[in-house]
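Visitor: Dropping a structure here in structure tokens format, bear with me for questions.
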Amino acid sequence: MIYSITGTIQEIKEQAVIIDTDPVGVYVTVPLSSKFHPGQSVVLLTHLHWNQETGPALFGFENE
């Protein structure tokens with residue numbers, strides 16, 4: 001299970017961010033993507049959800 005992810009915001013999407021964890025960029029769905037900006041260092045607690053039709057989705061939160 002993925003408990004948290006630490007890295008730098010690489011890109012902002014609508015309701016998601018791409019976090020550069022070096023060497024991997026991870027797509028993380030977040031509640032409010034406008035809170036973040038490129039270059040910002042973040043630590044997000046995560047929840048991995050698996051949908052049988054669409055596959056995995058990683059959700060990130062600043063606190064529990």
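So you can find residues: chains in the structure tokens are A, B, ... in the order shown, residues in each start at 1, and ligands are numbered from 1 in order.
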Show which residues sit within 12 Å of Gly25 (chain A), as a list in words. Count only C-alpha atoms, and ignore same-chain residues fewer than 4 positions away.
Guide: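 Using only C-alpha atoms, the neighbours found are Ile5, Thr6, Gly7, Thr8, Ile9, Gln10, Glu11, Val17, Ile18, Ile19, Asp20 and Thr21 of chain A.
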Visitor: Enumerate the residues of chain A with a DSSP assignment of strand (DSSP E), computed from the backbone, and present them as JSON, numbers by chain.
Guide: {"A": [4, 5, 6, 7, 8, 9, 10, 11, 12, 13, 16, 17, 18, 19, 20, 25, 26, 27, 28, 29, 41, 42, 43, 44, 45, 46, 47, 48, 49, 50, 51, 55, 56, 57, 58, 59, 60, 61]}
Visitor: Deliver the residues from the most recent selection as a file, using N, CA and C atoms, as an mmCIF file, in the first residue's frame.
Guide:
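Listing of out-v3.cif after writing:
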data_model
loop_
_atom_site.group_PDB
_atom_site.id
_atom_site.type_symbol
_atom_site.label_atom_id
_atom_site.label_comp_id
_atom_site.auth_asym_id
_atom_site.auth_seq_id
_atom_site.Cartn_x
_atom_site.Cartn_y
_atom_site.Cartn_z
ATOM 1 N N SER A 4 2.220 7.465 1.574
ATOM 2 C CA SER A 4 2.442 8.873 1.276
ATOM 3 C C SER A 4 3.355 9.002 0.061
ATOM 4 N N ILE A 5 3.379 10.200 -0.491
ATOM 5 C CA ILE A 5 4.252 10.495 -1.614
ATOM 6 C C ILE A 5 4.913 11.840 -1.362
ATOM 7 N N THR A 6 6.215 11.899 -1.596
ATOM 8 C CA THR A 6 6.991 13.112 -1.381
ATOM 9 C C THR A 6 7.677 13.487 -2.686
ATOM 10 N N GLY A 7 7.604 14.766 -3.040
ATOM 11 C CA GLY A 7 8.258 15.199 -4.267
ATOM 12 C C GLY A 7 7.980 16.657 -4.560
ATOM 13 N N THR A 8 8.220 17.021 -5.799
ATOM 14 C CA THR A 8 8.053 18.397 -6.265
ATOM 15 C C THR A 8 6.941 18.436 -7.311
ATOM 16 N N ILE A 9 6.069 19.435 -7.193
ATOM 17 C CA ILE A 9 4.991 19.582 -8.168
ATOM 18 C C ILE A 9 5.610 19.917 -9.522
ATOM 19 N N GLN A 10 5.337 19.058 -10.489
ATOM 20 C CA GLN A 10 5.863 19.245 -11.833
ATOM 21 C C GLN A 10 4.852 19.957 -12.716
ATOM 22 N N GLU A 11 3.573 19.599 -12.531
ATOM 23 C CA GLU A 11 2.516 20.138 -13.380
ATOM 24 C C GLU A 11 1.188 20.126 -12.629
ATOM 25 N N ILE A 12 0.342 21.104 -12.946
ATOM 26 C CA ILE A 12 -0.989 21.199 -12.340
ATOM 27 C C ILE A 12 -2.019 20.819 -13.395
ATOM 28 N N LYS A 13 -2.917 19.935 -13.050
ATOM 29 C CA LYS A 13 -4.040 19.546 -13.905
ATOM 30 C C LYS A 13 -5.325 19.935 -13.187
ATOM 31 N N ALA A 16 -5.925 17.576 -10.177
ATOM 32 C CA ALA A 16 -4.818 16.627 -10.052
ATOM 33 C C ALA A 16 -3.492 17.372 -10.179
ATOM 34 N N VAL A 17 -2.442 16.734 -9.709
ATOM 35 C CA VAL A 17 -1.088 17.260 -9.867
ATOM 36 C C VAL A 17 -0.175 16.118 -10.318
ATOM 37 N N ILE A 18 0.881 16.487 -11.010
ATOM 38 C CA ILE A 18 1.927 15.540 -11.346
ATOM 39 C C ILE A 18 3.066 15.830 -10.378
ATOM 40 N N ILE A 19 3.452 14.824 -9.586
ATOM 41 C CA ILE A 19 4.521 14.988 -8.601
ATOM 42 C C ILE A 19 5.753 14.265 -9.108
ATOM 43 N N ASP A 20 6.848 15.018 -9.234
ATOM 44 C CA ASP A 20 8.122 14.442 -9.640
ATOM 45 C C ASP A 20 8.787 13.862 -8.406
ATOM 46 N N GLY A 25 7.381 10.489 -12.433
ATOM 47 C CA GLY A 25 6.332 11.484 -12.259
ATOM 48 C C GLY A 25 5.036 10.758 -11.972
ATOM 49 N N VAL A 26 4.368 11.120 -10.886
ATOM 50 C CA VAL A 26 3.174 10.392 -10.450
ATOM 51 C C VAL A 26 1.950 11.303 -10.550
ATOM 52 N N TYR A 27 0.897 10.815 -11.208
ATOM 53 C CA TYR A 27 -0.372 11.530 -11.331
ATOM 54 C C TYR A 27 -1.180 11.272 -10.061
ATOM 55 N N VAL A 28 -1.508 12.347 -9.323
ATOM 56 C CA VAL A 28 -2.236 12.225 -8.065
ATOM 57 C C VAL A 28 -3.467 13.124 -8.111
ATOM 58 N N THR A 29 -4.635 12.549 -7.913
ATOM 59 C CA THR A 29 -5.868 13.330 -7.845
ATOM 60 C C THR A 29 -5.931 13.999 -6.480
ATOM 61 N N SER A 41 7.518 21.887 -3.099
ATOM 62 C CA SER A 41 7.782 20.585 -2.473
ATOM 63 C C SER A 41 6.564 20.189 -1.649
ATOM 64 N N VAL A 42 6.150 18.933 -1.778
ATOM 65 C CA VAL A 42 4.958 18.473 -1.071
ATOM 66 C C VAL A 42 5.165 17.089 -0.464
ATOM 67 N N VAL A 43 4.393 16.825 0.571
ATOM 68 C CA VAL A 43 4.221 15.487 1.129
ATOM 69 C C VAL A 43 2.716 15.278 1.214
ATOM 70 N N LEU A 44 2.208 14.302 0.490
ATOM 71 C CA LEU A 44 0.780 14.015 0.504
ATOM 72 C C LEU A 44 0.534 12.614 1.044
ATOM 73 N N LEU A 45 -0.444 12.504 1.932
ATOM 74 C CA LEU A 45 -0.916 11.186 2.361
ATOM 75 C C LEU A 45 -1.802 10.669 1.238
ATOM 76 N N THR A 46 -1.758 9.383 0.976
ATOM 77 C CA THR A 46 -2.442 8.876 -0.203
ATOM 78 C C THR A 46 -3.440 7.779 0.108
ATOM 79 N N HIS A 47 -4.350 7.625 -0.830
ATOM 80 C CA HIS A 47 -5.301 6.508 -0.811
ATOM 81 C C HIS A 47 -5.323 5.948 -2.227
ATOM 82 N N LEU A 48 -5.038 4.675 -2.359
ATOM 83 C CA LEU A 48 -5.064 4.009 -3.650
ATOM 84 C C LEU A 48 -6.409 3.314 -3.816
ATOM 85 N N HIS A 49 -7.131 3.714 -4.863
ATOM 86 C CA HIS A 49 -8.447 3.119 -5.129
ATOM 87 C C HIS A 49 -8.352 2.314 -6.414
ATOM 88 N N TRP A 50 -8.869 1.104 -6.394
ATOM 89 C CA TRP A 50 -8.836 0.257 -7.581
ATOM 90 C C TRP A 50 -10.255 0.039 -8.086
ATOM 91 N N ASN A 51 -10.484 0.459 -9.324
ATOM 92 C CA ASN A 51 -11.766 0.261 -9.982
ATOM 93 C C ASN A 51 -11.565 -0.833 -11.023
ATOM 94 N N GLY A 55 -9.172 0.728 -13.515
ATOM 95 C CA GLY A 55 -7.863 0.480 -12.924
ATOM 96 C C GLY A 55 -7.598 1.345 -11.706
ATOM 97 N N PRO A 56 -6.299 1.541 -11.388
ATOM 98 C CA PRO A 56 -5.951 2.252 -10.155
ATOM 99 C C PRO A 56 -6.070 3.769 -10.274
ATOM 100 N N ALA A 57 -6.371 4.412 -9.144
ATOM 101 C CA ALA A 57 -6.380 5.876 -9.033
ATOM 102 C C ALA A 57 -5.751 6.222 -7.684
ATOM 103 N N LEU A 58 -4.811 7.151 -7.704
ATOM 104 C CA LEU A 58 -4.130 7.564 -6.481
ATOM 105 C C LEU A 58 -4.653 8.938 -6.070
ATOM 106 N N PHE A 59 -5.174 9.025 -4.850
ATOM 107 C CA PHE A 59 -5.708 10.268 -4.312
ATOM 108 C C PHE A 59 -4.756 10.777 -3.247
ATOM 109 N N GLY A 60 -4.486 12.093 -3.238
ATOM 110 C CA GLY A 60 -3.559 12.678 -2.276
ATOM 111 C C GLY A 60 -4.230 13.732 -1.419
ATOM 112 N N PHE A 61 -3.834 13.767 -0.119
ATOM 113 C CA PHE A 61 -4.402 14.696 0.848
ATOM 114 C C PHE A 61 -3.284 15.279 1.708
#
Visitor: In Å, with one decimal, what is the gap from CA of Glu53 (chain A) to CA of Pro31 (chain A)?
Guide: 22.4 Å
Visitor: Can you tell me how far CA of Asn63 (chain A) sits from CA of His37 (chain A), in Å to one decimal?
Guide: 18.1 Å
Visitor: Grab the CA of Lys35 (chain A) to CA of Asp22 (chain A) distance for me, in Å with one decimal place.
Guide: 22.0 Å
Visitor: Counting only C-alpha atoms, which of A:Pro38, A:Leu32, A:Thr54, A:Glu64 gets nearest to Gln15 (chain A)?
Guide: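 Comparing A:Pro38, A:Leu32, A:Thr54, A:Glu64 against Gln15 (chain A), the winner is A:Leu32.
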